[in-house]
$ cat run-v5.txt   # compact mmCIF, C-alpha atoms
# COMPACT_ATOMS: atom_id res chain seq x y z
CA MET A 1 -21.73 67.87 18.27
CA SER A 2 -18.69 66.95 16.19
CA LEU A 3 -19.08 65.47 12.73
CA HIS A 4 -17.52 62.23 14.03
CA LYS A 5 -20.24 61.82 16.65
CA GLN A 6 -22.97 62.72 14.15
CA LEU A 7 -21.80 60.04 11.74
CA ILE A 8 -21.00 57.14 14.06
CA GLY A 9 -21.44 58.18 17.67
CA THR A 10 -19.12 58.41 20.66
CA HIS A 11 -16.29 55.95 21.16
CA PRO A 12 -17.55 53.30 23.64
CA VAL A 13 -16.80 53.55 27.34
CA ALA A 14 -16.18 50.90 30.01
CA PRO A 15 -17.24 48.17 30.53
CA ASN A 16 -17.39 47.88 26.71
CA ILE A 17 -14.44 45.87 25.37
CA PHE A 18 -13.56 48.60 22.87
CA ASP A 19 -12.79 50.95 25.76
CA LYS A 20 -10.36 48.42 27.26
CA TRP A 21 -8.82 47.67 23.87
CA LEU A 22 -8.55 51.01 22.09
CA ASN A 23 -7.74 54.68 22.51
CA SER A 24 -9.80 56.96 20.27
CA ASN A 25 -8.75 60.26 18.72
CA ASP A 26 -11.13 62.25 16.53
CA ILE A 27 -8.92 64.13 14.09
CA GLU A 28 -10.19 67.59 13.17
CA SER A 29 -12.29 67.30 10.02
CA THR A 30 -11.13 68.95 6.79
CA GLU A 31 -12.47 69.31 3.27
CA ASP A 32 -10.71 66.04 2.47
CA GLY A 33 -12.51 63.95 5.07
CA CYS A 34 -13.41 62.94 8.60
CA HIS A 35 -11.02 60.59 10.44
CA ARG A 36 -11.18 58.75 13.77
CA SER A 37 -7.91 57.14 14.79
CA LEU A 38 -7.97 54.04 17.02
CA THR A 39 -4.81 52.71 18.66
CA HIS A 40 -4.41 49.74 20.97
CA LYS A 41 -4.13 49.98 24.76
CA VAL A 42 -3.46 46.27 25.34
CA ASP A 43 -1.20 43.86 23.50
CA TYR A 44 -2.47 41.72 20.63
CA ASP A 45 -2.24 38.58 22.77
CA ASP A 46 -4.46 39.86 25.59
CA GLU A 47 -6.52 36.80 26.61
CA GLU A 48 -9.78 38.66 27.29
CA LEU A 49 -9.61 40.44 23.93
CA ILE A 50 -8.83 37.27 22.01
CA ASP A 51 -11.64 35.38 23.73
CA TRP A 52 -14.08 38.22 22.99
CA LEU A 53 -13.23 38.23 19.28
CA SER A 54 -13.27 34.41 19.11
CA LYS A 55 -16.84 34.33 20.40
CA LYS A 56 -17.88 37.12 18.01
CA LEU A 57 -16.40 35.10 15.13
CA ILE A 58 -18.58 32.16 16.15
CA HIS A 59 -21.67 34.33 16.66
CA HIS A 60 -21.37 35.86 13.19
CA HIS A 61 -20.68 32.53 11.42
CA TYR A 62 -22.98 30.11 13.30
CA ASP A 63 -26.69 30.57 13.96
CA GLU A 64 -28.31 29.35 17.17
CA ASN A 65 -29.71 26.24 15.50
CA ARG A 66 -26.26 25.10 14.36
CA LEU A 67 -24.73 25.78 17.77
CA ARG A 68 -27.51 23.79 19.41
CA ARG A 69 -26.79 20.86 17.10
CA LEU A 70 -23.07 21.05 17.90
CA LYS A 71 -23.84 20.94 21.60
CA ASN A 72 -26.16 17.96 21.13
CA LYS A 73 -23.47 16.05 19.22
CA PHE A 74 -20.67 16.97 21.61
CA SER A 75 -20.91 13.83 23.72
CA GLU A 76 -21.29 11.47 20.73
CA LEU A 77 -18.54 9.51 19.01
CA GLY A 78 -16.91 11.30 16.12
CA PHE A 79 -17.78 14.82 17.25
CA PRO A 80 -14.66 16.44 15.71
CA GLU A 81 -15.59 14.94 12.34
CA TYR A 82 -19.16 16.20 12.73
CA ALA A 83 -17.92 19.68 13.56
CA LYS A 84 -15.60 19.63 10.55
CA GLN A 85 -18.43 18.51 8.25
CA HIS A 86 -20.52 21.49 9.34
CA ARG A 87 -17.67 23.99 9.43
CA ARG A 88 -18.66 27.64 9.10
CA LEU A 89 -15.35 29.28 10.04
CA PRO A 90 -13.01 29.85 7.07
CA ILE A 91 -9.59 28.26 6.77
CA ALA A 92 -8.35 30.44 3.89
CA ASP A 93 -6.07 33.11 5.35
CA ARG A 94 -7.39 36.03 3.29
CA THR A 95 -11.01 35.21 4.10
CA LYS A 96 -10.23 34.92 7.81
CA LYS A 97 -8.69 38.39 7.85
CA GLY A 98 -11.51 39.92 5.81
CA ASN A 99 -14.31 38.36 7.85
CA ALA A 100 -12.74 39.30 11.19
CA THR A 101 -12.26 42.89 10.06
CA GLU A 102 -15.90 43.17 8.95
CA ILE A 103 -17.06 41.74 12.28
CA ILE A 104 -14.94 44.20 14.27
CA LEU A 105 -16.45 47.09 12.30
CA ILE A 106 -20.01 45.85 12.84
CA GLU A 107 -19.43 45.44 16.56
CA TYR A 108 -17.73 48.84 16.79
CA ILE A 109 -20.58 50.71 15.08
CA GLU A 110 -23.14 49.05 17.35
CA SER A 111 -21.03 49.88 20.40
CA CYS A 112 -20.74 53.53 19.34
CA GLN A 113 -24.53 53.67 18.96
CA ALA A 114 -24.87 51.98 22.39
CA LYS A 115 -27.79 49.83 21.27
CA PRO A 116 -28.52 46.81 19.07
CA LEU A 117 -29.01 47.58 15.38
CA VAL A 118 -30.88 45.59 12.74
CA LYS A 119 -28.57 43.43 10.63
CA ALA A 120 -28.37 40.20 8.69
CA TYR A 121 -25.64 37.76 9.70
CA LYS A 122 -24.59 37.18 6.10
CA LEU A 123 -21.55 35.06 7.02
CA ARG A 124 -23.90 32.37 8.37
CA TYR A 125 -25.29 31.85 4.88
CA ASN A 126 -22.13 31.80 2.80
CA PRO A 127 -22.24 28.63 0.62
CA ASN A 128 -18.43 28.66 0.30
CA VAL A 129 -16.97 29.62 3.66
CA ASP A 130 -13.44 30.06 2.29
CA GLN A 131 -14.43 32.73 -0.21
CA ALA A 132 -15.48 36.26 0.62
CA ILE A 133 -19.24 36.70 0.33
CA LYS A 134 -20.54 39.36 -2.04
CA GLY A 135 -22.48 42.40 -0.91
CA ASP A 136 -21.91 45.24 1.53
CA ASP A 137 -19.25 44.65 4.15
CA THR A 138 -21.47 46.33 6.71
CA LEU A 139 -25.15 47.25 6.59
CA LEU A 140 -26.86 48.09 9.85
CA ILE A 141 -30.23 49.76 10.38
CA ASP A 142 -31.46 51.91 13.26
CA ILE A 143 -35.19 52.50 13.70
CA ILE A 144 -35.57 56.15 14.69
CA GLN A 145 -38.37 58.64 15.22
CA ASN A 146 -38.55 61.63 12.90
CA ASP A 147 -39.66 65.16 13.82
CA LYS A 148 -43.31 64.14 13.35
CA GLY A 149 -43.01 61.22 15.75
CA GLU A 150 -43.18 58.72 12.90
CA SER A 151 -40.89 55.73 12.40
CA ASP A 152 -37.93 56.37 10.15
CA ILE A 153 -34.68 54.53 9.54
CA LYS A 154 -31.00 55.38 9.51
CA MET A 155 -28.47 53.21 7.67
CA PHE A 156 -24.85 52.53 8.52
CA LEU A 157 -23.02 51.39 5.40
CA GLY A 158 -19.39 50.31 5.69
CA GLU A 159 -16.35 49.11 3.79
CA ALA A 160 -13.73 47.21 5.83
CA LYS A 161 -10.26 46.05 4.82
CA PHE A 162 -7.38 44.30 6.54
CA ARG A 163 -3.80 44.89 5.50
CA LYS A 164 -0.67 43.59 7.17
CA LYS A 165 0.89 46.90 6.14
CA PRO A 166 -1.10 50.02 5.19
CA THR A 167 -0.70 51.63 1.78
CA LYS A 168 -1.91 54.75 0.04
CA LYS A 169 -3.85 52.56 -2.39
CA VAL A 170 -5.95 50.80 0.23
CA VAL A 171 -6.96 54.16 1.73
CA GLU A 172 -7.96 55.34 -1.74
CA ASP A 173 -9.80 52.08 -2.51
CA ILE A 174 -11.92 52.31 0.65
CA SER A 175 -12.74 55.96 0.04
CA GLU A 176 -13.69 55.34 -3.59
CA ALA A 177 -15.89 52.37 -2.63
CA LEU A 178 -17.90 54.70 -0.40
CA GLY A 179 -18.30 57.65 -2.73
CA LYS A 180 -21.16 60.12 -2.36
CA ASP A 181 -23.39 58.21 -4.82
CA LYS A 182 -22.95 54.83 -3.12
CA LEU A 183 -26.15 52.98 -2.20
CA PRO A 184 -26.39 49.70 -0.26
CA LEU A 185 -26.40 46.47 -2.26
CA SER A 186 -27.71 44.22 0.51
CA TYR A 187 -30.88 45.98 1.61
CA SER A 188 -33.22 43.56 -0.18
CA TYR A 189 -31.24 40.63 1.20
CA LEU A 190 -31.64 42.00 4.72
CA VAL A 191 -35.40 42.40 4.25
CA ASP A 192 -35.72 38.88 2.82
CA GLU A 193 -33.79 37.31 5.71
CA LEU A 194 -35.89 39.13 8.29
CA GLY A 195 -39.04 38.11 6.45
CA ARG A 196 -38.20 34.40 6.76
CA ASN A 197 -38.50 34.54 10.55
CA SER A 198 -41.95 35.01 12.08
CA GLU A 199 -40.38 36.97 14.95
CA THR A 200 -38.93 39.59 12.58
CA GLU A 201 -41.52 39.50 9.80
CA GLU A 202 -43.16 42.71 11.00
CA LEU A 203 -39.78 44.44 11.01
CA ALA A 204 -39.17 43.20 7.46
CA ASP A 205 -42.49 44.70 6.37
CA LEU A 206 -41.51 48.02 7.94
CA LEU A 207 -38.13 48.13 6.18
CA ASP A 208 -39.75 47.10 2.91
CA SER A 209 -41.88 50.25 3.01
CA TYR A 210 -38.88 52.54 2.54
CA LEU A 211 -37.06 53.52 -0.66
CA ILE A 212 -33.28 53.65 -0.37
CA GLN A 213 -32.94 56.81 -2.43
CA GLU A 214 -35.43 58.61 -0.17
CA ILE A 215 -33.43 57.51 2.88
CA LYS A 216 -30.28 58.92 1.30
CA ASP A 217 -32.01 62.16 0.28
CA LYS A 218 -32.97 62.69 3.93
CA GLY A 219 -29.33 62.37 4.95
CA ASN A 220 -30.01 59.14 6.81
CA ILE A 221 -27.13 57.07 5.44
CA SER A 222 -23.87 57.20 7.35
CA TYR A 223 -20.78 55.73 5.66
CA THR A 224 -17.85 54.18 7.51
CA GLY A 225 -14.54 53.24 5.95
CA PHE A 226 -12.41 50.97 8.13
CA LEU A 227 -8.79 49.93 7.83
CA LEU A 228 -7.22 47.48 10.28
CA SER A 229 -3.46 47.33 9.97
CA ASN A 230 -0.22 47.94 11.86
CA SER A 231 0.95 50.87 13.99
CA GLU A 232 1.59 52.98 10.86
CA THR A 233 -2.11 52.99 9.91
CA PHE A 234 -2.90 56.46 11.24
CA LYS A 235 -0.08 58.03 9.25
CA PHE A 236 -1.22 56.53 5.94
CA VAL A 237 -4.87 57.45 6.44
CA ASP A 238 -4.07 60.96 7.62
CA ALA A 239 -1.85 61.58 4.59
CA ASN A 240 -4.05 60.01 1.92
CA LEU A 241 -7.70 60.37 2.94
CA LYS A 242 -9.63 62.33 0.32
CA THR A 243 -13.33 61.80 -0.32
CA ASP A 244 -16.23 63.55 -2.00
CA ASN A 245 -18.64 62.03 0.54
CA LYS A 246 -19.38 64.38 3.43
CA SER A 247 -21.29 61.58 5.18
CA LEU A 248 -18.19 59.37 5.39
CA ILE A 249 -16.09 58.78 8.47
CA PHE A 250 -12.86 56.88 8.01
CA ILE A 251 -11.71 54.81 10.97
CA SER A 252 -8.11 53.66 11.19
CA LEU A 253 -7.21 50.92 13.67
CA GLY A 254 -3.51 50.52 14.18
CA MET A 255 -2.08 47.78 16.37
CA ASP A 256 1.03 45.67 16.76
CA GLU A 257 0.83 42.27 15.04
CA PRO A 258 -2.74 42.53 13.68
CA GLU A 259 -2.31 39.31 11.70
CA LEU A 260 -1.28 37.33 14.78
CA PHE A 261 -4.19 38.82 16.72
CA ILE A 262 -6.74 37.55 14.20
CA ASN A 263 -5.05 34.16 13.91
CA LYS A 264 -5.11 33.72 17.68
CA ALA A 265 -8.81 34.63 17.76
CA PHE A 266 -9.61 31.99 15.12
CA GLU A 267 -7.56 29.41 17.01
CA LYS A 268 -9.52 30.19 20.17
CA ALA A 269 -12.79 29.99 18.24
CA GLU A 270 -11.86 26.51 17.02
CA GLU A 271 -11.16 25.49 20.63
CA HIS A 272 -14.61 26.69 21.65
CA LEU A 273 -16.25 24.78 18.80
CA LEU A 274 -14.55 21.57 19.86
CA ASN A 275 -16.03 22.16 23.28
CA PRO A 276 -19.28 23.96 22.36
CA GLU A 277 -20.65 23.74 25.89
CA SER A 278 -18.17 26.53 26.69
CA LEU A 279 -20.20 28.89 24.52
$ encode --input "run-v5.txt" --output "structure tokens"
Amino acid sequence: MSLHKQLIGTHPVAPNIFDKWLNSNDIESTEDGCHRSLTHKVDYDDEELIDWLSKKLIHHHYDENRLRRLKNKFSELGFPEYAKQHRRLPIADRTKKGNATEIILIEYIESCQAKPLVKAYKLRYNPNVDQAIKGDDTLLIDIIQNDKGESDIKMFLGEAKFRKKPTKKVVEDISEALGKDKLPLSYSYLVDELGRNSETEELADLLDSYLIQEIKDKGNISYTGFLLSNSETFKFVDANLKTDNKSLIFISLGMDEPELFINKAFEKAEEHLLNPESL
């Protein structure tokens, strides 16, 4: 098995949306790092792709209770004002790009693993939706069985950045943020959020029984750096990737007009929210 597949899994296959959207190329690993290059198959304005991302934006920013309330208020006078009052989607351009990029990475890791992973939807709880929320960009947990048949966990820790144009510095920044000594900042937050729900309280107790350093010492933390930018992204990552973390895979996603793609997805998400029965 290649190092790429060990760290993140196989690139998704149809009918997964990532198979329709992206070609995947696992670049041969070197001492400097492990790189998976993603390039687009369909144009940035593909309707199915935009609609998929728009609904993921809503899913990661709105919990089921808030969506239920929106649907209940839909037929009442002043619904647009109500929706605006309870807005969870950001308006600030930089936050929109950052949030969308994090969401794409989360969805991609889950798709590569081909199963749901444990996570906290942190964007639902941001008190200031137009500012980036602190903590890990991506923290997902897989419950696995160890060699003794006992429950163990594997972590997927990620750093995601959007750039209209790629640079050497952003490649270096992502790599440095996920150095070999990096530990997750949001693990306690994840446990606390799971513990607040009776349906996931048992899972919270299970996760609370592990020490992060022990998880790392077992080699059960996989690190993913992610850069979404234009069609030159592969070239910049390939030329500048250098990391001391042998458990890091760097994923480059290069596409035409990435900024317009994200803007169109947010516009579509706003359309859905003004007609929440479409969700």
$ residues_around --input "run-v5.txt" --residues "His40 of chain A" --least-positions-apart "3" --cutoff "7 Å" --atoms "all atoms listed in the file" --output "PyMOL selection string"
chain A and resi 21-23+254-255
$ residues_around --input "run-v5.txt" --residues "Lys180 of chain A" --least-positions-apart "3" --cutoff "10 Å" --atoms "all atoms listed in the file" --output "PDB file with C-alpha atoms, keeping the file's coordinate frame"
ATOM      1  CA  SER A 175     -12.740  55.960   0.040  1.00  0.00           C
ATOM      2  CA  GLU A 176     -13.690  55.340  -3.590  1.00  0.00           C
ATOM      3  CA  ALA A 177     -15.890  52.370  -2.630  1.00  0.00           C
ATOM      4  CA  LEU A 183     -26.150  52.980  -2.200  1.00  0.00           C
ATOM      5  CA  LYS A 216     -30.280  58.920   1.300  1.00  0.00           C
ATOM      6  CA  TYR A 223     -20.780  55.730   5.660  1.00  0.00           C
ATOM      7  CA  THR A 243     -13.330  61.800  -0.320  1.00  0.00           C
ATOM      8  CA  ASP A 244     -16.230  63.550  -2.000  1.00  0.00           C
ATOM      9  CA  ASN A 245     -18.640  62.030   0.540  1.00  0.00           C
ATOM     10  CA  LYS A 246     -19.380  64.380   3.430  1.00  0.00           C
ATOM     11  CA  SER A 247     -21.290  61.580   5.180  1.00  0.00           C
ATOM     12  CA  LEU A 248     -18.190  59.370   5.390  1.00  0.00           C
TER      13      LEU A 248
END
$ atom_distance --input "run-v5.txt" --atom1 "atom CA of Asn263 of chain A" --atom2 "atom CA of Ile91 of chain A"
10.3 Å
$ closest_residue --input "run-v5.txt" --among "A:His11, A:Lys161, A:His86, A:Lys242" --to "Glu31 of chain A" --atoms "all atoms listed in the file"
A:Lys242
$ residues_around --input "run-v5.txt" --residues "Ile27 of chain A" --least-positions-apart "4" --cutoff "10 Å" --atoms "all atoms listed in the file" --output "list in words"
His4, Gly33, Cys34, His35, Arg36, Ser37 and Asp238 of chain A
$ residues_near_point --input "run-v5.txt" --point "(-8.3, 41.1, 14.7)" --cutoff "8 Å" --atoms "all atoms listed in the file" --output "PyMOL selection string"
chain A and resi 53+97+100-101+104+228+258-263+265
$ residues_around --input "run-v5.txt" --residues "segment 141-156 of chain A" --least-positions-apart "4" --cutoff "6 Å" --atoms "only C-alpha atoms" --output "compact mmCIF listing (two decimals) with C-alpha atoms, in the coordinates of the input"
# COMPACT_ATOMS: atom_id res chain seq x y z
CA LEU A 117 -29.01 47.58 15.38
CA VAL A 118 -30.88 45.59 12.74
CA ASN A 220 -30.01 59.14 6.81
CA ILE A 221 -27.13 57.07 5.44
CA SER A 222 -23.87 57.20 7.35
CA TYR A 223 -20.78 55.73 5.66
$ closest_residue --input "run-v5.txt" --among "A:Ala83, A:Leu140, A:Ala14, A:Ile249" --to "Leu178 of chain A" --atoms "all atoms listed in the file"
A:Ile249
$ closest_residue --input "run-v5.txt" --among "A:Lys20, A:Lys182, A:Lys55, A:Lys5" --to "Pro276 of chain A" --atoms "only C-alpha atoms"
A:Lys55
$ residues_around --input "run-v5.txt" --residues "Ile50 of chain A" --least-positions-apart "3" --cutoff "8 Å" --atoms "all atoms listed in the file" --output "count of residues only"
10
$ residues_near_point --input "run-v5.txt" --point "(-35.4, 48.4, 0.5)" --cutoff "6 Å" --atoms "only C-alpha atoms" --output "number ranges by chain"
A: 187-188, 208, 210-212
$ closest_residue --input "run-v5.txt" --among "A:Leu227, A:Leu139, A:Ile133, A:Met1" --to "Thr167 of chain A" --atoms "all atoms listed in the file"
A:Leu227
$ atom_distance --input "run-v5.txt" --atom1 "atom CA of Ser186 of chain A" --atom2 "atom CA of Asp93 of chain A"
24.8 Å
$ atom_distance --input "run-v5.txt" --atom1 "atom CA of Glu110 of chain A" --atom2 "atom CA of Asn197 of chain A"
22.2 Å
$ closest_residue --input "run-v5.txt" --among "A:Leu7, A:Ile174, A:Ile58, A:Val237" --to "Glu271 of chain A" --atoms "only C-alpha atoms"
A:Ile58
$ build_atoms --input "run-v5.txt" --residues "segment 191-217 of chain A" --atoms "N, CA and C atoms" --output "PDB file, in the frame of the given file"
ATOM      1  N   VAL A 191     -33.941  42.496   4.122  1.00  0.00           N
ATOM      2  CA  VAL A 191     -35.400  42.400   4.250  1.00  0.00           C
ATOM      3  C   VAL A 191     -35.866  40.961   4.069  1.00  0.00           C
ATOM      4  N   ASP A 192     -35.323  40.268   3.072  1.00  0.00           N
ATOM      5  CA  ASP A 192     -35.720  38.880   2.820  1.00  0.00           C
ATOM      6  C   ASP A 192     -35.380  37.974   4.001  1.00  0.00           C
ATOM      7  N   GLU A 193     -34.183  38.143   4.575  1.00  0.00           N
ATOM      8  CA  GLU A 193     -33.790  37.310   5.710  1.00  0.00           C
ATOM      9  C   GLU A 193     -34.681  37.569   6.917  1.00  0.00           C
ATOM     10  N   LEU A 194     -35.003  38.807   7.172  1.00  0.00           N
ATOM     11  CA  LEU A 194     -35.890  39.130   8.290  1.00  0.00           C
ATOM     12  C   LEU A 194     -37.292  38.581   8.048  1.00  0.00           C
ATOM     13  N   GLY A 195     -37.704  38.586   6.788  1.00  0.00           N
ATOM     14  CA  GLY A 195     -39.040  38.110   6.450  1.00  0.00           C
ATOM     15  C   GLY A 195     -39.219  36.614   6.595  1.00  0.00           C
ATOM     16  N   ARG A 196     -38.125  35.858   6.631  1.00  0.00           N
ATOM     17  CA  ARG A 196     -38.200  34.400   6.760  1.00  0.00           C
ATOM     18  C   ARG A 196     -38.447  33.944   8.200  1.00  0.00           C
ATOM     19  N   ASN A 197     -38.312  34.856   9.130  1.00  0.00           N
ATOM     20  CA  ASN A 197     -38.500  34.540  10.550  1.00  0.00           C
ATOM     21  C   ASN A 197     -39.758  35.224  11.050  1.00  0.00           C
ATOM     22  N   SER A 198     -40.675  34.457  11.619  1.00  0.00           N
ATOM     23  CA  SER A 198     -41.950  35.010  12.080  1.00  0.00           C
ATOM     24  C   SER A 198     -41.736  36.098  13.138  1.00  0.00           C
ATOM     25  N   GLU A 199     -40.642  35.992  13.891  1.00  0.00           N
ATOM     26  CA  GLU A 199     -40.380  36.970  14.950  1.00  0.00           C
ATOM     27  C   GLU A 199     -39.934  38.317  14.395  1.00  0.00           C
ATOM     28  N   THR A 200     -39.400  38.331  13.170  1.00  0.00           N
ATOM     29  CA  THR A 200     -38.930  39.590  12.580  1.00  0.00           C
ATOM     30  C   THR A 200     -39.684  39.953  11.301  1.00  0.00           C
ATOM     31  N   GLU A 201     -40.766  39.242  11.036  1.00  0.00           N
ATOM     32  CA  GLU A 201     -41.520  39.500   9.800  1.00  0.00           C
ATOM     33  C   GLU A 201     -42.111  40.903   9.786  1.00  0.00           C
ATOM     34  N   GLU A 202     -42.586  41.354  10.922  1.00  0.00           N
ATOM     35  CA  GLU A 202     -43.160  42.710  11.000  1.00  0.00           C
ATOM     36  C   GLU A 202     -42.088  43.765  10.732  1.00  0.00           C
ATOM     37  N   LEU A 203     -40.890  43.522  11.259  1.00  0.00           N
ATOM     38  CA  LEU A 203     -39.780  44.440  11.010  1.00  0.00           C
ATOM     39  C   LEU A 203     -39.419  44.444   9.527  1.00  0.00           C
ATOM     40  N   ALA A 204     -39.448  43.279   8.898  1.00  0.00           N
ATOM     41  CA  ALA A 204     -39.170  43.200   7.460  1.00  0.00           C
ATOM     42  C   ALA A 204     -40.185  44.018   6.671  1.00  0.00           C
ATOM     43  N   ASP A 205     -41.449  43.929   7.049  1.00  0.00           N
ATOM     44  CA  ASP A 205     -42.490  44.700   6.370  1.00  0.00           C
ATOM     45  C   ASP A 205     -42.246  46.202   6.520  1.00  0.00           C
ATOM     46  N   LEU A 206     -41.799  46.604   7.710  1.00  0.00           N
ATOM     47  CA  LEU A 206     -41.510  48.020   7.940  1.00  0.00           C
ATOM     48  C   LEU A 206     -40.363  48.478   7.033  1.00  0.00           C
ATOM     49  N   LEU A 207     -39.278  47.737   7.006  1.00  0.00           N
ATOM     50  CA  LEU A 207     -38.130  48.130   6.180  1.00  0.00           C
ATOM     51  C   LEU A 207     -38.481  48.120   4.698  1.00  0.00           C
ATOM     52  N   ASP A 208     -39.366  47.211   4.311  1.00  0.00           N
ATOM     53  CA  ASP A 208     -39.750  47.100   2.910  1.00  0.00           C
ATOM     54  C   ASP A 208     -40.578  48.286   2.439  1.00  0.00           C
ATOM     55  N   SER A 209     -41.041  49.098   3.377  1.00  0.00           N
ATOM     56  CA  SER A 209     -41.880  50.250   3.010  1.00  0.00           C
ATOM     57  C   SER A 209     -41.058  51.503   2.707  1.00  0.00           C
ATOM     58  N   TYR A 210     -39.738  51.390   2.806  1.00  0.00           N
ATOM     59  CA  TYR A 210     -38.880  52.540   2.540  1.00  0.00           C
ATOM     60  C   TYR A 210     -38.136  52.373   1.223  1.00  0.00           C
ATOM     61  N   LEU A 211     -37.882  53.498   0.552  1.00  0.00           N
ATOM     62  CA  LEU A 211     -37.060  53.520  -0.660  1.00  0.00           C
ATOM     63  C   LEU A 211     -35.670  54.024  -0.292  1.00  0.00           C
ATOM     64  N   ILE A 212     -34.656  53.313  -0.751  1.00  0.00           N
ATOM     65  CA  ILE A 212     -33.280  53.650  -0.370  1.00  0.00           C
ATOM     66  C   ILE A 212     -32.914  55.073  -0.778  1.00  0.00           C
ATOM     67  N   GLN A 213     -33.306  55.479  -1.974  1.00  0.00           N
ATOM     68  CA  GLN A 213     -32.940  56.810  -2.430  1.00  0.00           C
ATOM     69  C   GLN A 213     -33.566  57.887  -1.546  1.00  0.00           C
ATOM     70  N   GLU A 214     -34.789  57.644  -1.075  1.00  0.00           N
ATOM     71  CA  GLU A 214     -35.430  58.610  -0.170  1.00  0.00           C
ATOM     72  C   GLU A 214     -34.686  58.684   1.156  1.00  0.00           C
ATOM     73  N   ILE A 215     -34.207  57.533   1.640  1.00  0.00           N
ATOM     74  CA  ILE A 215     -33.430  57.510   2.880  1.00  0.00           C
ATOM     75  C   ILE A 215     -32.168  58.346   2.709  1.00  0.00           C
ATOM     76  N   LYS A 216     -31.498  58.161   1.575  1.00  0.00           N
ATOM     77  CA  LYS A 216     -30.280  58.920   1.300  1.00  0.00           C
ATOM     78  C   LYS A 216     -30.578  60.411   1.173  1.00  0.00           C
ATOM     79  N   ASP A 217     -31.660  60.749   0.475  1.00  0.00           N
ATOM     80  CA  ASP A 217     -32.010  62.160   0.280  1.00  0.00           C
ATOM     81  C   ASP A 217     -32.285  62.870   1.601  1.00  0.00           C
TER      82      ASP A 217
END
